[in-house]
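Trainee: Below is one structure. I have some questions about it.
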Amino acid sequence: MPAHDMFPLLRTLAAVYETGQFTAAADELGISQPTVSARIAALEAEAGVPLFVRKARSDVEPTAAGTLLYRAAATIGDTWRDACDEAVRASRTAVRMRACFSLTAASVLMPAALAALEPRLDRYDLTFRAVNSDVIVDLVGRKEAEFGVIEKPVINDAIDRVTLCSDELVLAGDPSSVWLLREAGSGVRYYTDLLCKSEGVVPGRSMTVASNAAIVAALASGFGCSVVSRSIVPDGVPVRALGREFVRRFYAVTPRTGLSRDQRSAAETMIAAMRGDERTQAARE
């Protein structure tokens with residue numbers, strides 16, 4: 001089989017392996033489900049062994065041969081993308097890098113990541129967004145973002161996750177006042193619910209505020225209370241430590257497959273910078 005005919009088959013293999021379904025792989029690739037089936041059948045004929053076991057409903061499970069070929073496909077894909085990067089650099093076209101930060105991480109860690117990439121701005125087409133952790137996992141898993149920083153230890157077969165640094169959450173403001181709650185799906189909301197459950201707290205008055213900046217501004221003005229990162233509590237606002245179980249971690253996430261060498265380099269640069277912030281803070285303390 002000519003090499004150029006193999007790329008669509010390998011991309012299809014990766015999509016089926018990562019989604020666990022022919023139908024979901026078809027949606028991801030923008031092709032029909034019969035086309036996915038035909039491509040996998042062609043690969044199985046080429047390899048001489050079955051690559052997936054069909055299970056209940058539309059789910060499939062990779063065989064040992066399927067896993068081996070998937071890993072080889074990922075390596076081939078990385079080599080191809082690296083070659084494309086070289087071609088991009090030769091034509092002076094910027095490499096796309098879409099990064100998403102949870103709303104707390106945007107305040108605490110994004111500045112270090114931006115500063116680390118500043119010397120390379122001419123090489124990248126950079127986009128930074130602040131959204132909640134669940135949205136980031138979805139975007140990175142669907143390869144609609146190349147990098148993310150989240151506040152939850154999420155496990156997802158489509159992403160790789162590394163630990164960045166620790167972050168202490170505290171209760172800031174007057175608990176008898178209005179509770180300012182982050183939206184459902186945010187890392188801080190998870191810990192707020194945990195606090196209320198563990199201490200039997202039922203806020204008399206509360207409102208949802210889907211912005212860390214707005215919560216911090218309200219606390220600075222003397223209004224409300226909220227569970228927030230100690231690092232962003234305004235000066236003069238009373239805080240209460242909540243214990244070791246409220247010391248969480250930030251995590252960097254990237255797609256398991258599909259990053260080019262330049263995109264991986266940018267991700268590694270940001271990770272190193274954000275981990276460096278933790279070492280610097282630990283030294284100060």
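Chains: A, B, ... in order of the structure tokens. Residues: from 1 per chain. Ligands: from 1, in order shown.
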Show me, as a list in words, the residues that have an atom within 9 Å of Asp122 of chain A when counting only C-alpha atoms, minus same-chain residues fewer than 3 positions from it.

Mentor: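 My list of contacting residues is Arg92, Ala94, Glu118, Pro119 and Asp125 of chain A.
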
Trainee: With N, CA and C atoms retained, export the selected residues as a PDB file, in the first residue's frame.

Mentor:
ATOM      1  N   ARG A  92       7.771  30.450   7.459  1.00  0.00           N
ATOM      2  CA  ARG A  92       7.536  31.500   8.449  1.00  0.00           C
ATOM      3  C   ARG A  92       6.067  31.609   8.858  1.00  0.00           C
ATOM      4  N   ALA A  94       3.139  30.877  11.510  1.00  0.00           N
ATOM      5  CA  ALA A  94       3.075  30.646  12.951  1.00  0.00           C
ATOM      6  C   ALA A  94       2.381  29.323  13.259  1.00  0.00           C
ATOM      7  N   GLU A 118       6.961  34.410  25.858  1.00  0.00           N
ATOM      8  CA  GLU A 118       7.175  35.732  25.220  1.00  0.00           C
ATOM      9  C   GLU A 118       8.342  35.737  24.231  1.00  0.00           C
ATOM     10  N   PRO A 119       9.483  35.082  24.520  1.00  0.00           N
ATOM     11  CA  PRO A 119      10.585  35.101  23.540  1.00  0.00           C
ATOM     12  C   PRO A 119      10.259  34.380  22.233  1.00  0.00           C
ATOM     13  N   ASP A 125       1.035  31.218  16.930  1.00  0.00           N
ATOM     14  CA  ASP A 125      -0.248  31.916  16.907  1.00  0.00           C
ATOM     15  C   ASP A 125      -0.949  31.503  18.201  1.00  0.00           C
TER      16      ASP A 125
END

Trainee: What's around segment 51-66 of chain A at 9 Å? Count only C-alpha atoms, leave out sequence neighbours fewer than 6 positions away in its own chain, and write the answer as a list of chain:residue names.

Mentor: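 The residues that qualify are A:Leu13, A:Val16, A:Tyr17, A:Thr19, A:Gly20, A:Gln21, A:Phe22, A:Thr23, A:Ile40, A:Ala41, A:Leu43, A:Glu44.
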
Trainee: Just asking: which residues within segment 2-156 of chain A are strand (DSSP E) according to DSSP, as a list in words?

Mentor: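 DSSP on the backbone gives strand (DSSP E) at Phe52, Val53, Arg54, Val60, Glu61, Pro62, Val95, Arg96, Met97, Arg98, Ala99, Cys100, Phe101, Tyr124, Asp125, Leu126, Thr127, Phe128, Arg129, Ala130, Phe147, Gly148, Val149 and Ile150 of chain A.
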
Trainee: Ranking A:Leu10, A:Ala112, A:Ile159, A:Ala73 by minimum distance to Ile271 of chain A and counting only C-alpha atoms, which one comes first?

Mentor: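 When distances to Ile271 of chain A are compared using only C-alpha atoms, the smallest one comes from A:Ala112.
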
Trainee: Find the spatial neighbours of segment 132-149 of chain A, counting only C-alpha atoms, within a cut-off of 8 Å - ignore same-chain residues fewer than 3 positions away - and output them as a PyMOL selection string.

Mentor: chain A and resi 28+97-103+105+152+154+156+158-159+185-187+250-255+258-259+263+267

Trainee: Considering only C-alpha atoms, return as a list in words whatever protein or nucleic-acid residues lie within 12 Å of Arg240 of chain A, sequence-local ones (same chain, fewer than 2 positions apart) excluded.

Mentor: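 The residues that qualify are Glu168, Leu169, Val170, Leu171, Ala172, Gly173, Asp174, Pro175, Cys225, Ser226, Val227, Val228, Ser229, Arg230, Val233, Val237, Pro238, Leu242, Gly243 and Phe246 of chain A.
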
Trainee: Now that the selection is made, can you save its residues with all heavy atoms as a short mmCIF file (atom, residue, chain, number, x, y, z; two decimals), in the first residue's frame?

Mentor:
data_model
loop_
_atom_site.label_atom_id
_atom_site.label_comp_id
_atom_site.auth_asym_id
_atom_site.auth_seq_id
_atom_site.Cartn_x
_atom_site.Cartn_y
_atom_site.Cartn_z
N GLU A 168 -3.56 26.40 48.08
CA GLU A 168 -4.38 26.32 49.29
C GLU A 168 -5.65 27.13 49.13
O GLU A 168 -5.61 28.32 48.79
CB GLU A 168 -3.60 26.82 50.50
CG GLU A 168 -4.43 26.72 51.78
CD GLU A 168 -3.81 27.43 52.97
OE1 GLU A 168 -2.74 28.06 52.80
OE2 GLU A 168 -4.39 27.38 54.07
N LEU A 169 -6.78 26.50 49.40
CA LEU A 169 -8.06 27.19 49.40
C LEU A 169 -8.42 27.60 50.82
O LEU A 169 -8.20 26.84 51.77
CB LEU A 169 -9.16 26.30 48.82
CG LEU A 169 -9.01 25.94 47.35
CD1 LEU A 169 -10.03 24.89 46.95
CD2 LEU A 169 -9.14 27.17 46.46
N VAL A 170 -8.98 28.79 50.97
CA VAL A 170 -9.41 29.30 52.27
C VAL A 170 -10.82 29.86 52.13
O VAL A 170 -11.30 30.09 51.02
CB VAL A 170 -8.45 30.41 52.77
CG1 VAL A 170 -7.05 29.86 53.00
CG2 VAL A 170 -8.42 31.59 51.80
N LEU A 171 -11.46 30.06 53.28
CA LEU A 171 -12.74 30.75 53.30
C LEU A 171 -12.46 32.22 53.60
O LEU A 171 -11.98 32.57 54.67
CB LEU A 171 -13.66 30.16 54.37
CG LEU A 171 -15.06 30.77 54.44
CD1 LEU A 171 -15.82 30.55 53.13
CD2 LEU A 171 -15.84 30.19 55.61
N ALA A 172 -12.72 33.09 52.63
CA ALA A 172 -12.42 34.51 52.75
C ALA A 172 -13.71 35.31 52.92
O ALA A 172 -14.72 35.02 52.28
CB ALA A 172 -11.67 35.00 51.52
N GLY A 173 -13.67 36.31 53.79
CA GLY A 173 -14.83 37.15 54.02
C GLY A 173 -15.63 36.72 55.23
O GLY A 173 -15.20 35.89 56.04
N ASP A 174 -16.82 37.26 55.36
CA ASP A 174 -17.69 37.01 56.52
C ASP A 174 -18.68 35.89 56.20
O ASP A 174 -19.58 36.08 55.37
CB ASP A 174 -18.45 38.30 56.86
CG ASP A 174 -19.38 38.13 58.05
OD1 ASP A 174 -19.40 37.03 58.64
OD2 ASP A 174 -20.11 39.09 58.36
N PRO A 175 -18.58 34.72 56.86
CA PRO A 175 -19.48 33.60 56.54
C PRO A 175 -20.95 33.88 56.81
O PRO A 175 -21.82 33.16 56.31
CB PRO A 175 -18.96 32.48 57.46
CG PRO A 175 -17.56 32.86 57.80
CD PRO A 175 -17.55 34.36 57.83
N CYS A 225 -18.71 36.34 51.19
CA CYS A 225 -17.62 35.42 51.52
C CYS A 225 -17.56 34.37 50.43
O CYS A 225 -18.52 34.14 49.70
CB CYS A 225 -17.84 34.77 52.89
SG CYS A 225 -19.07 33.45 52.89
N SER A 226 -16.40 33.71 50.31
CA SER A 226 -16.23 32.73 49.24
C SER A 226 -15.03 31.85 49.54
O SER A 226 -14.09 32.27 50.22
CB SER A 226 -16.02 33.43 47.90
OG SER A 226 -15.97 32.50 46.83
N VAL A 227 -15.07 30.63 49.03
CA VAL A 227 -13.89 29.77 49.04
C VAL A 227 -13.04 30.17 47.84
O VAL A 227 -13.50 30.11 46.70
CB VAL A 227 -14.28 28.28 48.94
CG1 VAL A 227 -13.04 27.41 48.80
CG2 VAL A 227 -15.09 27.86 50.18
N VAL A 228 -11.82 30.60 48.11
CA VAL A 228 -10.93 31.07 47.04
C VAL A 228 -9.50 30.64 47.34
O VAL A 228 -9.18 30.23 48.45
CB VAL A 228 -10.97 32.62 46.88
CG1 VAL A 228 -12.32 33.10 46.42
CG2 VAL A 228 -10.58 33.29 48.19
N SER A 229 -8.65 30.77 46.35
CA SER A 229 -7.23 30.51 46.54
C SER A 229 -6.65 31.58 47.46
O SER A 229 -6.92 32.77 47.31
CB SER A 229 -6.51 30.55 45.19
OG SER A 229 -5.11 30.53 45.36
N ARG A 230 -5.85 31.13 48.44
CA ARG A 230 -5.22 32.09 49.35
C ARG A 230 -4.41 33.13 48.58
O ARG A 230 -4.32 34.30 48.99
CB ARG A 230 -4.32 31.37 50.36
CG ARG A 230 -3.67 32.30 51.38
CD ARG A 230 -2.73 31.56 52.29
NE ARG A 230 -3.40 30.75 53.29
CZ ARG A 230 -3.86 31.19 54.46
NH1 ARG A 230 -3.71 32.48 54.77
NH2 ARG A 230 -4.43 30.37 55.32
N VAL A 233 -6.54 36.32 47.64
CA VAL A 233 -7.37 37.03 48.62
C VAL A 233 -6.88 38.48 48.72
O VAL A 233 -5.68 38.72 48.93
CB VAL A 233 -7.29 36.35 50.00
CG1 VAL A 233 -8.08 37.16 51.04
CG2 VAL A 233 -7.83 34.93 49.92
N VAL A 237 -8.81 41.30 53.88
CA VAL A 237 -9.99 40.44 53.96
C VAL A 237 -9.69 39.27 54.90
O VAL A 237 -8.67 38.59 54.75
CB VAL A 237 -10.37 39.90 52.56
CG1 VAL A 237 -11.52 38.88 52.67
CG2 VAL A 237 -10.77 41.04 51.64
N PRO A 238 -10.54 39.05 55.91
CA PRO A 238 -10.27 37.95 56.85
C PRO A 238 -10.36 36.59 56.15
O PRO A 238 -11.19 36.39 55.26
CB PRO A 238 -11.38 38.10 57.91
CG PRO A 238 -12.47 38.85 57.21
CD PRO A 238 -11.79 39.76 56.23
N LEU A 242 -8.74 25.99 55.97
CA LEU A 242 -9.74 24.93 55.92
C LEU A 242 -9.15 23.53 56.10
O LEU A 242 -9.89 22.55 56.08
CB LEU A 242 -10.50 24.99 54.58
CG LEU A 242 -11.27 26.30 54.35
CD1 LEU A 242 -11.89 26.30 52.97
CD2 LEU A 242 -12.33 26.51 55.43
N GLY A 243 -7.85 23.43 56.24
CA GLY A 243 -7.27 22.11 56.47
C GLY A 243 -6.61 21.52 55.25
O GLY A 243 -6.72 22.03 54.13
N PHE A 246 -8.13 20.73 51.79
CA PHE A 246 -8.44 21.86 50.91
C PHE A 246 -7.17 22.44 50.28
O PHE A 246 -7.20 23.55 49.75
CB PHE A 246 -9.22 22.93 51.66
CG PHE A 246 -10.63 22.49 51.99
CD1 PHE A 246 -10.89 21.79 53.16
CD2 PHE A 246 -11.68 22.73 51.11
CE1 PHE A 246 -12.17 21.36 53.46
CE2 PHE A 246 -12.96 22.31 51.40
CZ PHE A 246 -13.21 21.61 52.58
#

Trainee: Find, counting only C-alpha atoms, the residue in A:Leu9, A:Ala14, A:Cys196, A:Val216 that gets nearest to Arg71 of chain A.

Mentor: A:Ala14

Trainee: Between atom CA of Ala116 of chain A and atom CA of Leu164 of chain A, measure the distance and give it in Å to one decimal.

Mentor: 15.0 Å

Trainee: I'd like to know which of A:Arg81, A:Arg244, A:Arg120, A:Arg189 is closest to Thr269 of chain A, using only C-alpha atoms.

Mentor: A:Arg120

Trainee: Among the residues of segment 130-266 of chain A, find those DSSP assigns to helix (DSSP H, G or I) from the backbone and print them as a PyMOL selection string.

Mentor: chain A and resi 133-141+187-199+212-220+230-232+244-246+261-266

Trainee: Go ahead and save the picked residues with N, CA and C atoms, as a tab-separated table (two decimals), in the first residue's frame.

Mentor:
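Contents of selection.tsv, freshly written:
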chain	number	residue	atom	x	y	z
A	133	SER	N	-12.82	23.96	34.58
A	133	SER	CA	-12.03	22.74	34.36
A	133	SER	C	-12.74	21.72	33.48
A	134	ASP	N	-14.06	21.54	33.67
A	134	ASP	CA	-14.77	20.55	32.86
A	134	ASP	C	-14.74	20.92	31.39
A	135	VAL	N	-14.89	22.20	31.09
A	135	VAL	CA	-14.83	22.65	29.70
A	135	VAL	C	-13.45	22.39	29.11
A	136	ILE	N	-12.41	22.64	29.90
A	136	ILE	CA	-11.04	22.45	29.42
A	136	ILE	C	-10.79	20.99	29.08
A	137	VAL	N	-11.20	20.09	29.95
A	137	VAL	CA	-11.01	18.66	29.69
A	137	VAL	C	-11.71	18.26	28.39
A	138	ASP	N	-12.90	18.79	28.17
A	138	ASP	CA	-13.64	18.48	26.94
A	138	ASP	C	-12.91	19.03	25.72
A	139	LEU	N	-12.45	20.28	25.79
A	139	LEU	CA	-11.77	20.90	24.65
A	139	LEU	C	-10.47	20.18	24.31
A	140	VAL	N	-9.68	19.88	25.33
A	140	VAL	CA	-8.40	19.20	25.09
A	140	VAL	C	-8.64	17.78	24.60
A	141	GLY	N	-9.61	17.09	25.19
A	141	GLY	CA	-9.91	15.73	24.76
A	141	GLY	C	-10.37	15.65	23.32
A	187	GLY	N	-13.63	23.84	39.67
A	187	GLY	CA	-12.91	23.17	40.74
A	187	GLY	C	-13.24	23.75	42.10
A	188	VAL	N	-13.34	25.09	42.18
A	188	VAL	CA	-13.63	25.74	43.46
A	188	VAL	C	-15.03	25.38	43.95
A	189	ARG	N	-16.00	25.25	43.04
A	189	ARG	CA	-17.36	24.87	43.47
A	189	ARG	C	-17.35	23.48	44.11
A	190	TYR	N	-16.55	22.58	43.57
A	190	TYR	CA	-16.43	21.25	44.16
A	190	TYR	C	-15.99	21.36	45.62
A	191	TYR	N	-14.97	22.19	45.88
A	191	TYR	CA	-14.46	22.31	47.25
A	191	TYR	C	-15.43	23.08	48.14
A	192	THR	N	-16.17	24.03	47.58
A	192	THR	CA	-17.19	24.73	48.37
A	192	THR	C	-18.26	23.76	48.83
A	193	ASP	N	-18.72	22.91	47.90
A	193	ASP	CA	-19.72	21.90	48.26
A	193	ASP	C	-19.17	20.93	49.31
A	194	LEU	N	-17.90	20.58	49.18
A	194	LEU	CA	-17.26	19.69	50.16
A	194	LEU	C	-17.23	20.34	51.54
A	195	LEU	N	-16.90	21.63	51.60
A	195	LEU	CA	-16.87	22.34	52.88
A	195	LEU	C	-18.25	22.35	53.53
A	196	CYS	N	-19.25	22.71	52.76
A	196	CYS	CA	-20.62	22.77	53.30
A	196	CYS	C	-21.08	21.41	53.80
A	197	LYS	N	-20.75	20.36	53.05
A	197	LYS	CA	-21.17	19.02	53.45
A	197	LYS	C	-20.42	18.56	54.70
A	198	SER	N	-19.11	18.78	54.75
A	198	SER	CA	-18.31	18.28	55.87
A	198	SER	C	-18.60	19.03	57.16
A	199	GLU	N	-19.00	20.30	57.06
A	199	GLU	CA	-19.26	21.09	58.26
A	199	GLU	C	-20.74	21.33	58.51
A	212	ASN	N	-13.78	34.70	38.82
A	212	ASN	CA	-12.92	34.92	39.98
A	212	ASN	C	-12.68	36.40	40.22
A	213	ALA	N	-12.47	37.14	39.13
A	213	ALA	CA	-12.19	38.56	39.25
A	213	ALA	C	-13.34	39.29	39.96
A	214	ALA	N	-14.59	38.92	39.61
A	214	ALA	CA	-15.75	39.56	40.24
A	214	ALA	C	-15.84	39.20	41.71
A	215	ILE	N	-15.54	37.95	42.05
A	215	ILE	CA	-15.57	37.53	43.45
A	215	ILE	C	-14.51	38.27	44.26
A	216	VAL	N	-13.30	38.34	43.71
A	216	VAL	CA	-12.21	39.04	44.40
A	216	VAL	C	-12.56	40.51	44.59
A	217	ALA	N	-13.16	41.14	43.58
A	217	ALA	CA	-13.55	42.55	43.70
A	217	ALA	C	-14.61	42.74	44.78
A	218	ALA	N	-15.57	41.79	44.85
A	218	ALA	CA	-16.61	41.88	45.88
A	218	ALA	C	-16.00	41.73	47.27
A	219	LEU	N	-15.10	40.77	47.43
A	219	LEU	CA	-14.45	40.59	48.73
A	219	LEU	C	-13.64	41.82	49.13
A	220	ALA	N	-12.95	42.42	48.17
A	220	ALA	CA	-12.16	43.61	48.45
A	220	ALA	C	-13.02	44.78	48.92
A	230	ARG	N	-5.85	31.13	48.44
A	230	ARG	CA	-5.22	32.09	49.35
A	230	ARG	C	-4.41	33.13	48.58
A	231	SER	N	-3.83	32.74	47.44
A	231	SER	CA	-2.95	33.62	46.70
A	231	SER	C	-3.66	34.81	46.08
A	232	ILE	N	-5.01	34.78	45.98
A	232	ILE	CA	-5.72	35.90	45.35
A	232	ILE	C	-6.64	36.64	46.33
A	244	ARG	N	-5.95	20.39	55.47
A	244	ARG	CA	-5.11	19.78	54.43
A	244	ARG	C	-5.93	19.31	53.23
A	245	GLU	N	-7.17	18.87	53.47
A	245	GLU	CA	-7.95	18.37	52.34
A	245	GLU	C	-8.38	19.48	51.39
A	246	PHE	N	-8.13	20.73	51.79
A	246	PHE	CA	-8.44	21.86	50.91
A	246	PHE	C	-7.17	22.44	50.28
A	261	ARG	N	5.84	18.78	17.32
A	261	ARG	CA	7.01	19.00	18.15
A	261	ARG	C	7.02	20.42	18.71
A	262	ASP	N	6.66	21.41	17.91
A	262	ASP	CA	6.64	22.79	18.40
A	262	ASP	C	5.57	22.98	19.47
A	263	GLN	N	4.41	22.35	19.28
A	263	GLN	CA	3.36	22.46	20.29
A	263	GLN	C	3.77	21.78	21.59
A	264	ARG	N	4.41	20.63	21.48
A	264	ARG	CA	4.91	19.96	22.69
A	264	ARG	C	5.95	20.82	23.39
A	265	SER	N	6.81	21.46	22.61
A	265	SER	CA	7.83	22.32	23.20
A	265	SER	C	7.21	23.48	23.96
A	266	ALA	N	6.18	24.09	23.38
A	266	ALA	CA	5.50	25.20	24.06
A	266	ALA	C	4.85	24.72	25.35

Trainee: Which residue gives the smallest distance to Gln33 of chain A among A:Thr12, A:Ser166, A:Thr257, A:Thr79, with only C-alpha atoms counted?

Mentor: A:Thr12

Trainee: Report, in Å to a single decimal, how far apart atom CA of Leu68 of chain A and atom CA of Ala87 of chain A are.

Mentor: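 Between atom CA of Ala87 of chain A and atom CA of Leu68 of chain A the gap is 29.1 Å.
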
Trainee: Using only C-alpha atoms for the distances, tell me which of A:Ala38, A:Val209, A:Ile76, A:Leu117 is nearest to Ala26 of chain A.

Mentor: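 The shortest atom-to-atom distance to Ala26 of chain A comes from A:Ala38.
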
Trainee: Let me make sure I understand: among A:Ser32, A:Ser260, A:Ser107, A:Thr208, which one has the smallest atom-to-atom distance to Glu86 of chain A if we use only C-alpha atoms?

Mentor: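 Nearest candidate to Glu86 of chain A out of A:Ser32, A:Ser260, A:Ser107, A:Thr208: A:Ser260.
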
Trainee: Quick one: distance from atom CA of Ala24 of chain A to atom CA of Asp85 of chain A in Å, one decimal?

Mentor: 28.5 Å
